[in-house]
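This is start.txt (compact mmCIF, C-alpha atoms).
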```
# COMPACT_ATOMS: atom_id res chain seq x y z
CA MET Z 1 179.69 207.65 130.47
CA ALA Z 2 181.98 210.18 132.17
CA LYS Z 3 184.49 212.01 130.04
CA THR Z 4 188.17 211.40 130.48
CA TYR Z 5 190.17 214.55 131.00
CA VAL Z 6 193.68 213.97 129.66
CA LEU Z 7 196.18 216.50 130.94
CA PRO Z 8 199.56 216.55 129.16
CA CYS Z 9 202.34 218.39 130.96
CA ALA Z 10 203.23 219.69 127.49
CA GLY Z 11 206.58 220.80 128.81
CA TYR Z 12 208.88 222.25 126.21
CA ASP Z 13 211.83 222.00 128.58
CA ARG Z 14 211.86 218.22 128.85
CA PRO Z 15 212.00 215.56 126.09
CA GLY Z 16 208.96 213.81 127.55
CA GLY Z 17 206.84 216.90 127.12
CA GLU Z 18 206.81 216.40 123.39
CA VAL Z 19 205.55 212.85 123.90
CA THR Z 20 202.70 213.98 126.16
CA ARG Z 21 201.62 216.47 123.52
CA ALA Z 22 201.67 213.82 120.80
CA VAL Z 23 199.65 211.38 122.92
CA ALA Z 24 197.13 214.05 123.88
CA ASP Z 25 196.68 214.99 120.22
CA LEU Z 26 195.88 211.36 119.37
CA LEU Z 27 193.52 210.87 122.31
CA GLY Z 28 191.82 214.18 121.64
CA GLN Z 29 190.26 212.68 118.54
CA ASP Z 30 188.08 210.48 120.77
CA SER Z 31 184.66 211.92 121.53
CA ASP Z 32 184.86 210.91 125.18
CA VAL Z 33 188.20 212.61 125.78
CA VAL Z 34 188.81 216.22 126.71
CA VAL Z 35 192.39 217.42 126.46
CA GLY Z 36 193.16 219.67 129.38
CA SER Z 37 195.40 222.68 129.65
CA VAL Z 38 197.95 223.21 132.41
CA ALA Z 39 197.84 226.91 131.60
CA ALA Z 40 194.07 227.08 132.10
CA LEU Z 41 194.33 225.15 135.36
CA SER Z 42 197.18 227.28 136.60
CA THR Z 43 195.07 230.40 136.15
CA ALA Z 44 192.06 228.59 137.68
CA ARG Z 45 189.84 229.19 134.67
CA PRO Z 46 186.33 228.29 135.92
CA GLY Z 47 185.28 226.25 132.90
CA GLU Z 48 188.49 224.26 132.98
CA LEU Z 49 188.14 223.53 136.71
CA ARG Z 50 184.58 222.36 136.21
CA VAL Z 51 185.53 219.93 133.47
CA LEU Z 52 188.51 218.64 135.47
CA ARG Z 53 186.42 217.96 138.58
CA ALA Z 54 183.61 216.24 136.70
CA ALA Z 55 185.83 213.88 134.74
CA SER Z 56 188.06 210.91 135.21
CA VAL Z 57 191.54 212.40 134.92
CA VAL Z 58 194.68 210.97 133.33
CA ALA Z 59 197.76 213.12 133.87
CA LEU Z 60 200.60 212.67 131.38
CA ASP Z 61 203.93 213.55 132.95
CA GLY Z 62 206.94 213.93 130.72
CA CYS Z 63 209.46 213.48 133.50
CA GLY Z 64 209.86 212.81 137.20
CA MET Z 65 208.77 216.31 138.14
CA ASP Z 66 205.19 215.06 137.62
CA CYS Z 67 203.95 218.58 136.90
CA ALA Z 68 200.66 217.50 135.30
CA THR Z 69 199.81 215.26 138.24
CA ARG Z 70 200.64 217.92 140.77
CA ILE Z 71 198.60 220.59 138.99
CA ALA Z 72 195.62 218.24 138.61
CA GLU Z 73 195.79 217.35 142.31
CA GLU Z 74 196.08 220.96 143.39
CA HIS Z 75 192.96 221.88 141.45
CA GLY Z 76 190.66 219.20 142.76
CA ALA Z 77 190.87 216.25 140.36
CA ARG Z 78 188.72 213.49 141.82
CA GLU Z 79 189.62 210.28 140.02
CA LEU Z 80 193.24 210.81 139.05
CA ARG Z 81 195.67 208.40 137.44
CA SER Z 82 199.13 209.32 136.22
CA VAL Z 83 201.32 208.07 133.41
CA ARG Z 84 204.97 209.07 133.42
CA VAL Z 85 206.55 208.92 129.98
CA THR Z 86 209.94 207.90 131.27
CA ASP Z 87 208.44 204.77 132.90
CA HIS Z 88 207.22 203.42 129.55
CA ALA Z 89 209.49 204.71 126.79
CA ALA Z 90 213.24 205.01 126.43
CA PRO Z 91 214.38 208.59 125.81
CA SER Z 92 216.51 207.42 122.90
CA ALA Z 93 213.55 205.95 120.96
CA PRO Z 94 211.90 207.92 118.15
CA LEU Z 95 209.02 210.16 119.09
CA ASP Z 96 206.36 208.06 117.36
CA GLU Z 97 207.50 204.91 119.16
CA ARG Z 98 207.51 206.59 122.55
CA ALA Z 99 204.07 208.08 121.86
CA ALA Z 100 202.69 204.69 120.80
CA ALA Z 101 203.99 203.04 123.98
CA VAL Z 102 202.45 205.68 126.22
CA LEU Z 103 199.23 205.68 124.22
CA THR Z 104 198.82 201.95 124.86
CA VAL Z 105 199.21 202.45 128.61
CA VAL Z 106 196.71 205.30 128.67
CA ARG Z 107 194.12 203.38 126.67
CA GLU Z 108 194.40 200.48 129.12
CA LEU Z 109 193.81 202.85 132.00
CA MET Z 110 190.82 204.37 130.24
CA SER Z 111 189.26 200.99 129.54
CA GLU Z 112 189.50 200.17 133.25
CA SER Z 113 187.75 203.42 134.00
CA ILE Z 114 184.96 202.73 131.52
CA ASP Z 115 184.29 199.30 132.97
CA ARG Z 116 184.03 200.60 136.49
CA GLU Z 117 180.62 202.06 137.26
CA VAL Z 118 180.38 204.98 139.62
CA PRO Z 119 178.89 203.60 142.85
CA SER Z 120 175.23 204.42 142.92
CA ARG Z 121 173.88 206.26 145.90
CA PRO Z 122 170.74 205.01 147.62
CA ALA Z 123 167.52 206.03 145.90
CA ALA Z 124 166.19 209.34 147.13
CA GLY Z 125 164.01 208.79 150.14
CA ALA Z 126 165.19 205.27 150.67
CA GLY Z 127 163.76 204.01 153.91
CA ALA Z 128 161.18 206.73 154.03
CA SER Z 129 157.78 205.81 155.29
CA ALA Z 130 154.58 207.04 153.72
CA GLU Z 131 153.72 208.73 156.99
CA ARG Z 132 157.00 210.60 157.17
CA ASP Z 133 157.48 211.77 153.57
CA ILE Z 134 155.42 212.98 150.67
CA VAL Z 135 156.61 211.10 147.61
CA VAL Z 136 156.09 212.61 144.17
CA HIS Z 137 156.96 210.90 140.90
CA VAL Z 138 158.03 213.22 138.10
CA ASP Z 139 158.84 211.31 134.93
CA LYS Z 140 161.65 208.97 135.96
CA PHE Z 141 162.45 210.97 139.10
CA LYS Z 142 161.18 210.21 142.57
CA LEU Z 143 161.02 213.25 144.76
CA THR Z 144 160.51 213.20 148.52
CA VAL Z 145 159.37 216.04 150.74
CA ARG Z 146 159.57 215.56 154.50
CA ARG Z 147 156.27 216.26 156.21
CA GLY Z 148 156.34 218.78 159.03
CA TYR Z 149 159.32 220.67 157.62
CA LEU Z 150 159.09 224.15 156.07
CA TYR Z 151 160.80 225.00 152.78
CA SER Z 152 162.32 228.08 151.22
CA ASP Z 153 162.09 228.87 147.54
CA ASN Z 154 165.84 228.32 147.44
CA ASP Z 155 165.11 224.67 148.31
CA ILE Z 156 166.34 224.69 151.89
CA TRP Z 157 164.27 222.91 154.53
CA VAL Z 158 163.69 224.17 158.05
CA SER Z 159 162.73 221.94 160.97
CA VAL Z 160 161.54 223.76 164.08
CA GLU Z 161 163.03 222.12 167.18
CA GLY Z 162 161.93 224.14 170.20
CA ASP Z 163 163.80 227.44 170.28
CA THR Z 164 166.13 226.45 167.49
CA VAL Z 165 165.72 225.33 163.89
CA ARG Z 166 167.67 222.84 161.85
CA VAL Z 167 168.24 223.51 158.14
CA GLY Z 168 169.35 221.39 155.20
CA ALA Z 169 168.94 220.82 151.46
CA SER Z 170 165.69 219.50 150.05
CA ASP Z 171 165.62 216.33 148.03
CA LEU Z 172 164.95 218.42 144.92
CA LEU Z 173 168.10 220.45 145.52
CA GLN Z 174 170.34 217.46 146.13
CA GLN Z 175 169.04 215.69 143.05
CA ALA Z 176 169.43 218.81 140.93
CA VAL Z 177 173.07 219.37 141.88
CA SER Z 178 173.84 215.66 141.69
CA ASP Z 179 176.81 214.03 143.40
CA ILE Z 180 178.20 216.39 146.03
CA TYR Z 181 181.91 216.12 146.75
CA LEU Z 182 182.51 219.20 148.88
CA VAL Z 183 180.49 221.01 151.54
CA ASP Z 184 181.92 224.21 152.99
CA LEU Z 185 180.07 225.38 156.09
CA ALA Z 186 180.04 228.76 157.84
CA ASP Z 187 181.48 228.95 161.34
CA VAL Z 188 179.36 228.46 164.43
CA GLY Z 189 178.52 231.91 165.77
CA THR Z 190 177.98 233.44 162.33
CA VAL Z 191 174.98 235.75 162.23
CA VAL Z 192 173.05 235.71 158.97
CA GLU Z 193 170.07 237.41 157.42
CA LEU Z 194 167.46 235.68 155.35
CA GLY Z 195 168.84 235.36 151.84
CA ASP Z 196 172.49 235.55 152.89
CA ASP Z 197 174.75 232.79 151.68
CA ALA Z 198 176.48 230.76 154.36
CA GLY Z 199 178.74 228.07 153.05
CA SER Z 200 178.54 226.30 149.73
CA ILE Z 201 178.29 222.92 148.08
CA GLU Z 202 180.18 221.65 145.08
CA SER Z 203 179.07 218.74 142.98
CA THR Z 204 180.14 217.07 139.78
CA LYS Z 205 177.65 219.35 138.02
CA THR Z 206 177.88 222.69 139.71
CA ALA Z 207 178.76 224.85 142.71
CA LEU Z 208 176.09 226.57 144.76
CA GLU Z 209 175.98 228.76 147.81
CA ILE Z 210 173.73 227.76 150.69
CA VAL Z 211 171.10 230.51 150.77
CA MET Z 212 169.84 230.86 154.32
CA PRO Z 213 166.07 230.54 154.73
CA LEU Z 214 165.89 232.60 157.94
CA SER Z 215 167.74 235.31 159.81
CA GLY Z 216 169.52 234.30 162.98
CA LYS Z 217 172.67 232.92 164.52
CA ILE Z 218 174.29 229.64 163.58
CA VAL Z 219 174.74 227.69 166.80
CA GLY Z 220 175.67 224.31 165.36
CA ARG Z 221 176.85 222.83 162.11
CA ASN Z 222 177.08 219.31 160.76
CA GLU Z 223 180.80 218.59 161.03
CA ARG Z 224 180.32 215.18 159.43
CA LEU Z 225 179.66 216.85 156.08
CA LEU Z 226 183.22 218.14 155.93
CA GLU Z 227 184.47 214.55 155.68
CA THR Z 228 181.39 212.90 154.15
CA PRO Z 229 179.63 215.50 151.98
CA GLU Z 230 177.74 212.74 150.18
CA LEU Z 231 175.41 212.53 153.19
CA VAL Z 232 173.53 215.45 151.63
CA ASN Z 233 172.73 213.18 148.67
CA GLU Z 234 172.13 210.06 150.69
CA SER Z 235 170.12 211.47 153.56
CA PRO Z 236 169.06 215.04 152.84
CA TYR Z 237 166.41 215.24 155.56
CA ASP Z 238 168.27 213.42 158.33
CA GLU Z 239 172.04 212.93 158.40
CA GLY Z 240 172.73 215.52 155.68
CA TRP Z 241 171.58 218.61 157.58
CA PHE Z 242 173.69 221.81 157.42
CA TYR Z 243 173.09 223.99 160.47
CA VAL Z 244 171.23 224.50 163.71
CA MET Z 245 170.17 228.13 164.14
CA GLU Z 246 168.63 230.42 166.69
CA PRO Z 247 166.12 232.33 164.56
CA ALA Z 248 166.12 236.09 165.01
CA ASP Z 249 162.57 236.67 163.84
CA PRO Z 250 160.02 233.86 164.21
CA ASP Z 251 157.69 235.75 161.87
CA GLU Z 252 160.02 234.82 159.01
CA LEU Z 253 158.77 231.24 159.30
CA GLU Z 254 155.63 232.47 157.59
CA LEU Z 255 157.69 233.19 154.48
CA LEU Z 256 158.38 229.48 154.08
CA ARG Z 257 156.22 226.87 152.36
CA PRO Z 258 154.56 224.01 154.24
CA ALA Z 259 155.48 220.55 152.95
CA GLU Z 260 152.34 220.03 150.90
CA ASP Z 261 152.74 223.39 149.17
CA TYR Z 262 156.43 222.74 148.55
CA ALA Z 263 155.67 219.32 147.12
CA ARG Z 264 153.48 220.90 144.45
CA HIS Z 265 156.05 223.61 143.79
CA ALA Z 266 158.93 221.14 143.70
CA SER Z 267 157.20 218.72 141.36
CA LYS Z 268 156.65 221.50 138.85
CA ARG Z 269 160.25 222.61 139.20
CA ALA Z 270 161.50 219.05 138.90
CA ALA Z 271 159.60 218.59 135.64
CA GLU Z 272 161.36 221.65 134.27
CA GLU Z 273 164.82 221.27 135.69
CA LEU Z 274 165.90 217.76 136.65
CA GLY Z 275 168.06 216.36 133.96
CA HIS Z 276 168.75 219.86 132.67
CA GLY Z 277 170.56 221.67 135.45
CA THR Z 278 170.49 222.91 139.00
CA GLY Z 279 167.56 224.01 141.07
CA MET J 280 162.65 226.65 131.03
CA THR J 281 161.51 229.65 129.05
CA SER J 282 161.01 233.24 130.06
CA ASP J 283 157.27 232.74 129.52
CA GLU J 284 157.25 230.03 132.14
CA SER J 285 159.18 232.21 134.56
CA SER J 286 156.58 234.97 134.24
CA GLU J 287 154.10 232.63 135.90
CA ARG J 288 156.50 232.06 138.79
CA THR J 289 156.43 233.41 142.27
CA PHE J 290 159.21 233.68 144.80
CA MET J 291 158.22 233.76 148.46
CA GLY J 292 154.68 234.33 147.27
CA VAL J 293 155.55 237.37 145.14
CA ASP J 294 155.24 237.59 141.36
CA ARG J 295 158.79 237.00 140.14
CA THR J 296 158.56 239.91 137.72
CA LYS J 297 158.19 242.28 140.68
CA ILE J 298 161.52 241.19 142.19
CA PRO J 299 164.52 243.05 140.70
CA TRP J 300 167.08 240.26 141.13
CA TRP J 301 169.27 239.36 138.21
CA PRO J 302 172.94 239.81 137.27
CA ARG J 303 174.28 243.12 136.06
CA ILE J 304 177.15 243.03 133.57
CA ASP J 305 180.05 245.49 133.55
CA TYR J 306 180.82 245.81 129.87
CA GLU J 307 184.11 247.51 130.64
CA LYS J 308 185.19 244.11 131.95
CA CYS J 309 183.15 241.46 130.11
CA ASP J 310 184.85 240.00 127.06
CA GLY J 311 182.69 236.90 126.74
CA CYS J 312 185.67 234.94 128.06
CA GLY J 313 187.06 235.08 124.55
CA GLY J 314 184.05 233.17 123.26
CA ALA J 315 183.86 230.64 126.11
CA TYR J 316 181.05 232.50 127.93
CA ASP J 317 181.77 230.87 131.31
CA CYS J 318 178.74 232.35 133.13
CA MET J 319 176.33 231.37 130.38
CA ASP J 320 177.84 227.91 130.26
CA PHE J 321 177.48 227.57 134.02
CA CYS J 322 173.93 228.85 134.53
CA PRO J 323 171.31 226.16 133.83
CA HIS J 324 168.44 228.64 133.83
CA ARG J 325 169.20 230.31 130.51
CA VAL J 326 169.56 233.71 132.11
CA TYR J 327 172.35 234.66 129.73
CA ALA J 328 172.69 234.90 125.97
CA ALA J 329 175.92 235.17 124.02
CA ARG J 330 176.79 238.05 121.72
CA ASP J 331 179.80 237.78 119.49
CA ASP J 332 180.55 241.18 118.01
CA PRO J 333 182.27 241.94 120.29
CA PRO J 334 182.16 238.80 122.46
CA ARG J 335 180.10 239.39 125.60
CA VAL J 336 177.05 238.10 127.41
CA GLU J 337 173.68 239.76 127.87
CA VAL J 338 170.96 239.03 130.40
CA GLU J 339 168.23 237.68 128.17
CA ASN J 340 165.85 236.10 130.72
CA PRO J 341 166.24 238.10 133.95
CA TYR J 342 163.27 236.46 135.67
CA ASN J 343 164.72 233.02 135.16
CA CYS J 344 167.43 234.00 137.64
CA VAL J 345 167.02 232.29 141.02
CA VAL J 346 166.48 235.02 143.60
CA PHE J 347 169.47 235.33 145.98
CA CYS J 348 171.59 232.98 143.83
CA LYS J 349 174.93 234.54 142.89
CA ALA J 350 176.75 231.42 141.79
CA CYS J 351 177.57 232.75 138.31
CA LYS J 352 179.42 235.69 139.83
CA LYS J 353 182.12 233.34 141.04
CA MET J 354 182.47 231.86 137.56
CA CYS J 355 183.45 235.21 136.04
CA PRO J 356 187.23 235.52 135.59
CA HIS J 357 186.95 239.31 135.20
CA ASP J 358 184.63 240.08 138.13
CA ALA J 359 182.23 241.63 135.64
CA ILE J 360 179.04 240.35 137.30
CA SER J 361 177.29 242.04 140.19
CA PHE J 362 173.93 241.66 141.89
CA PRO J 363 171.59 244.11 143.60
CA ASP J 364 171.74 244.71 147.34
CA LYS J 365 170.17 241.66 148.91
CA SER J 366 168.63 243.53 151.85
CA ALA J 367 166.87 245.99 149.57
CA VAL J 368 165.45 243.18 147.47
CA LEU J 369 164.25 241.41 150.60
CA LYS J 370 162.46 244.59 151.68
CA THR J 371 160.81 244.74 148.26
CA ILE J 372 159.64 241.16 148.64
CA LYS J 373 158.27 241.69 152.13
CA ALA J 374 156.50 244.90 151.06
CA ALA J 375 154.95 243.15 148.07
CA ARG J 376 153.71 240.34 150.31
CA GLN J 377 151.99 242.84 152.60
CA GLU J 378 150.33 244.53 149.63
CA GLY J 379 148.99 241.10 148.78
```

Could the structure of this file be written out as structure tokens, please?
Amino acid sequence: MAKTYVLPCAGYDRPGGEVTRAVADLLGQDSDVVVGSVAALSTARPGELRVLRAASVVALDGCGMDCATRIAEEHGARELRSVRVTDHAAPSAPLDERAAAVLTVVRELMSESIDREVPSRPAAGAGASAERDIVVHVDKFKLTVRRGYLYSDNDIWVSVEGDTVRVGASDLLQQAVSDIYLVDLADVGTVVELGDDAGSIESTKTALEIVMPLSGKIVGRNERLLETPELVNESPYDEGWFYVMEPADPDELELLRPAEDYARHASKRAAEELGHGTG
Amino acid sequence: MTSDESSERTFMGVDRTKIPWWPRIDYEKCDGCGGAYDCMDFCPHRVYAARDDPPRVEVENPYNCVVFCKACKKMCPHDAISFPDKSAVLKTIKAARQEG
């Protein structure tokens, strides 16, 4: 179950701020709640941003300025709900009564969140044919490797298409990073060397740069990923591609692994890493 | 993953232990994030280990580091992490491949 990140505005300059602090203190005793810090978000502390973006977020605003909501939005909260103290408790009521009223509202919101399952993405390799993909089962994981593609040890596939190549993330990579919510791609025209990073992906688990498998010039990029980054998860070998490149040195293709070799390599890696972290 | 496992690894066909790619820590800057150890918390490959007197991180399993990955560098709030020159490392890899 995903954690709930509760962010109190904690404002000392508004009466409602005291209520948000009291409610956060009470909720913070729950094991599935993380109490967030507006100070840590405001300074973009990496650990705080990671927790915020991986969690269901409830912002507690003490007044109509909605500072907690605005800060959570600005820093990439994904599933964000807001509770404004002044909508649920009269300013003249005692602190414990106002806190109890707000606490009830927040717990109702959280119970809705718990009941709602995150939509599952299609199983990796869904629709793949035996002829098209190598399928490897590693414990509970099903790993697919597209035949005919070449693979870097940074888990990027390369498909040779005449004078150009298309590149994307392998199934192992997309499963390791988990649900991707942001893909940032380098501009068309960018010239890269093998090993350079060009763009990045962010998921609920991590953030990774796209390490280029070949030297060359980027002549096309998958604009759809900017709006629908989840295509990398859903269709890593087809709709989820990253770039089309003009390779600078065809000899570098020899540095890549054929599909059968990568399947062996990836299955070993998957046994070590899936369920533990990124590839 | 353990460091023993990584010693059996290759990257681009080269023994991982012959590739000098891992993070370097500037101890003038690293303060262990006041005990939060953001880079260690981020990296799933157990490259880092925490030290607490004073708080800082050390590179405990350098060959667990994914060659060309610099993701932890962005996690550091003090810009205390650096990596070797990528082009030089690539030359090392290509030379090692030719030596067979």

Leaving out J:Arg303 and any residue of its chain fewer than 6 positions from it, which residues lie within 8 Å of it when counting all atoms listed in the file, given as a PyMOL selection string? chain J and resi 338+360-362

Determine, using all atoms listed in the file, which residues of chain Z have any atom at most 9 Å from an atom of chain J, and tabulate each with its shortest atom pair and distance in Å to one decimal place, rows ordered by chain and then rising number, as a tab-separated table.
```
residue	atom	partner	partner_atom	distance
Z:Ala44	CA	J:Pro356	CA	8.7
Z:Arg45	CA	J:Pro356	CA	6.9
Z:Pro46	CA	J:Met354	CA	5.5
Z:Gly47	CA	J:Asp317	CA	6.0
Z:Ser152	CA	J:Met291	CA	7.5
Z:Asp153	CA	J:Phe290	CA	6.2
Z:Asn154	CA	J:Val345	CA	7.6
Z:Glu193	CA	J:Ser366	CA	8.4
Z:Leu194	CA	J:Leu369	CA	8.1
Z:Gly195	CA	J:Phe347	CA	5.9
Z:Asp196	CA	J:Phe347	CA	7.5
Z:Asp197	CA	J:Phe347	CA	8.2
Z:Thr206	CA	J:Phe321	CA	7.5
Z:Ala207	CA	J:Ala350	CA	6.9
Z:Leu208	CA	J:Ala350	CA	5.7
Z:Glu209	CA	J:Ala350	CA	6.6
Z:Ile210	CA	J:Cys348	CA	8.9
Z:Val211	CA	J:Phe347	CA	7.0
Z:Leu255	CA	J:Met291	CA	6.1
Z:Leu256	CA	J:Met291	CA	7.1
Z:Arg257	CA	J:Met291	CA	8.2
Z:Glu272	CA	J:Met280	CA	6.1
Z:Glu273	CA	J:Met280	CA	7.4
Z:His276	CA	J:Pro323	CA	6.9
Z:Gly277	CA	J:Pro323	CA	4.8
Z:Thr278	CA	J:Pro323	CA	6.2
Z:Gly279	CA	J:Val345	CA	8.3
```

When you draw a straight line from atom CA of Z:Val219 to atom CA of J:Asp364, how long is it in Å?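 Interatomic distance here is 26.0 Å.
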
Within 9 Å of stretch 167-172 of chain Z, counting only C-alpha atoms, which residues qualify if same-chain residues fewer than 2 places away don't, as a PyMOL selection string? chain Z and resi 124-125+143-146+151+155-160+165+174-177+210+212-213+232-233+235-238+240-245+266-267+269-270+274+279

Restricting the output to C-alpha atoms, write the selected residues as an mmCIF file, in the frame of the given file.
```cif
data_model
loop_
_atom_site.group_PDB
_atom_site.id
_atom_site.type_symbol
_atom_site.label_atom_id
_atom_site.label_comp_id
_atom_site.auth_asym_id
_atom_site.auth_seq_id
_atom_site.Cartn_x
_atom_site.Cartn_y
_atom_site.Cartn_z
ATOM 1 C CA ALA Z 124 166.190 209.340 147.130
ATOM 2 C CA GLY Z 125 164.010 208.790 150.140
ATOM 3 C CA LEU Z 143 161.020 213.250 144.760
ATOM 4 C CA THR Z 144 160.510 213.200 148.520
ATOM 5 C CA VAL Z 145 159.370 216.040 150.740
ATOM 6 C CA ARG Z 146 159.570 215.560 154.500
ATOM 7 C CA TYR Z 151 160.800 225.000 152.780
ATOM 8 C CA ASP Z 155 165.110 224.670 148.310
ATOM 9 C CA ILE Z 156 166.340 224.690 151.890
ATOM 10 C CA TRP Z 157 164.270 222.910 154.530
ATOM 11 C CA VAL Z 158 163.690 224.170 158.050
ATOM 12 C CA SER Z 159 162.730 221.940 160.970
ATOM 13 C CA VAL Z 160 161.540 223.760 164.080
ATOM 14 C CA VAL Z 165 165.720 225.330 163.890
ATOM 15 C CA GLN Z 174 170.340 217.460 146.130
ATOM 16 C CA GLN Z 175 169.040 215.690 143.050
ATOM 17 C CA ALA Z 176 169.430 218.810 140.930
ATOM 18 C CA VAL Z 177 173.070 219.370 141.880
ATOM 19 C CA ILE Z 210 173.730 227.760 150.690
ATOM 20 C CA MET Z 212 169.840 230.860 154.320
ATOM 21 C CA PRO Z 213 166.070 230.540 154.730
ATOM 22 C CA VAL Z 232 173.530 215.450 151.630
ATOM 23 C CA ASN Z 233 172.730 213.180 148.670
ATOM 24 C CA SER Z 235 170.120 211.470 153.560
ATOM 25 C CA PRO Z 236 169.060 215.040 152.840
ATOM 26 C CA TYR Z 237 166.410 215.240 155.560
ATOM 27 C CA ASP Z 238 168.270 213.420 158.330
ATOM 28 C CA GLY Z 240 172.730 215.520 155.680
ATOM 29 C CA TRP Z 241 171.580 218.610 157.580
ATOM 30 C CA PHE Z 242 173.690 221.810 157.420
ATOM 31 C CA TYR Z 243 173.090 223.990 160.470
ATOM 32 C CA VAL Z 244 171.230 224.500 163.710
ATOM 33 C CA MET Z 245 170.170 228.130 164.140
ATOM 34 C CA ALA Z 266 158.930 221.140 143.700
ATOM 35 C CA SER Z 267 157.200 218.720 141.360
ATOM 36 C CA ARG Z 269 160.250 222.610 139.200
ATOM 37 C CA ALA Z 270 161.500 219.050 138.900
ATOM 38 C CA LEU Z 274 165.900 217.760 136.650
ATOM 39 C CA GLY Z 279 167.560 224.010 141.070
#
```

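Separating atom CA of Z:Ser178 from atom CA of Z:Ser203 is a distance of 6.2 Å.
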
One decimal, Å: what's the distance from atom CA of Z:Gly28 over to atom CA of Z:Leu7, could you say? 10.5 Å

At a cut-off of 10 Å from (182.3, 225.7, 161.3) in the coordinates of the file, what residues are picked up using all atoms listed in the file, written as an mmCIF file with C-alpha atoms, in the frame of the given file?
```
data_model
loop_
_atom_site.group_PDB
_atom_site.id
_atom_site.type_symbol
_atom_site.label_atom_id
_atom_site.label_comp_id
_atom_site.auth_asym_id
_atom_site.auth_seq_id
_atom_site.Cartn_x
_atom_site.Cartn_y
_atom_site.Cartn_z
ATOM 1 C CA ASP Z 184 181.920 224.210 152.990
ATOM 2 C CA LEU Z 185 180.070 225.380 156.090
ATOM 3 C CA ALA Z 186 180.040 228.760 157.840
ATOM 4 C CA ASP Z 187 181.480 228.950 161.340
ATOM 5 C CA VAL Z 188 179.360 228.460 164.430
ATOM 6 C CA GLY Z 189 178.520 231.910 165.770
ATOM 7 C CA THR Z 190 177.980 233.440 162.330
ATOM 8 C CA GLY Z 199 178.740 228.070 153.050
ATOM 9 C CA ILE Z 218 174.290 229.640 163.580
ATOM 10 C CA VAL Z 219 174.740 227.690 166.800
ATOM 11 C CA GLY Z 220 175.670 224.310 165.360
ATOM 12 C CA ARG Z 221 176.850 222.830 162.110
ATOM 13 C CA ASN Z 222 177.080 219.310 160.760
ATOM 14 C CA GLU Z 223 180.800 218.590 161.030
ATOM 15 C CA LEU Z 226 183.220 218.140 155.930
ATOM 16 C CA TYR Z 243 173.090 223.990 160.470
#
```

Out of J:Asp310, J:Ala359, J:Lys352, J:Ile372, which residue has the shortest atom-to-atom distance to J:Pro333 when counting all atoms listed in the file?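 Comparing J:Asp310, J:Ala359, J:Lys352, J:Ile372 against J:Pro333, the winner is J:Asp310.
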
Can you sort out the box for stretch 208-225 of chain Z, edges along x, y and z, all listed atoms in, 6 Å on every side, with centre and edge lengths in Å to one decimal, as AutoDock Vina command-line options?
```
--center_x 173.3 --center_y 225.2 --center_z 155.8 --size_x 26.9 --size_y 32.1 --size_z 34.0
```

Using all atoms listed in the file, which of the listed residues (Z:Glu260, Z:Glu254, Z:Asp133, Z:Glu246) sits closest to Z:Asp163?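 Once distances to Z:Asp163 are computed over all atoms listed in the file, the minimum belongs to Z:Glu246.
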
Stretch 107-111 of chain Z surroundings by all atoms listed in the file, 10 Å radius, close-in-sequence under 3 positions cut, as a list in words: Lys3, Thr4, Leu27, Val33, Ser56, Val57, Val58, Arg81, Ser82, Val83, Val102, Leu103, Thr104, Ile114, Asp115 and Arg116 of chain Z
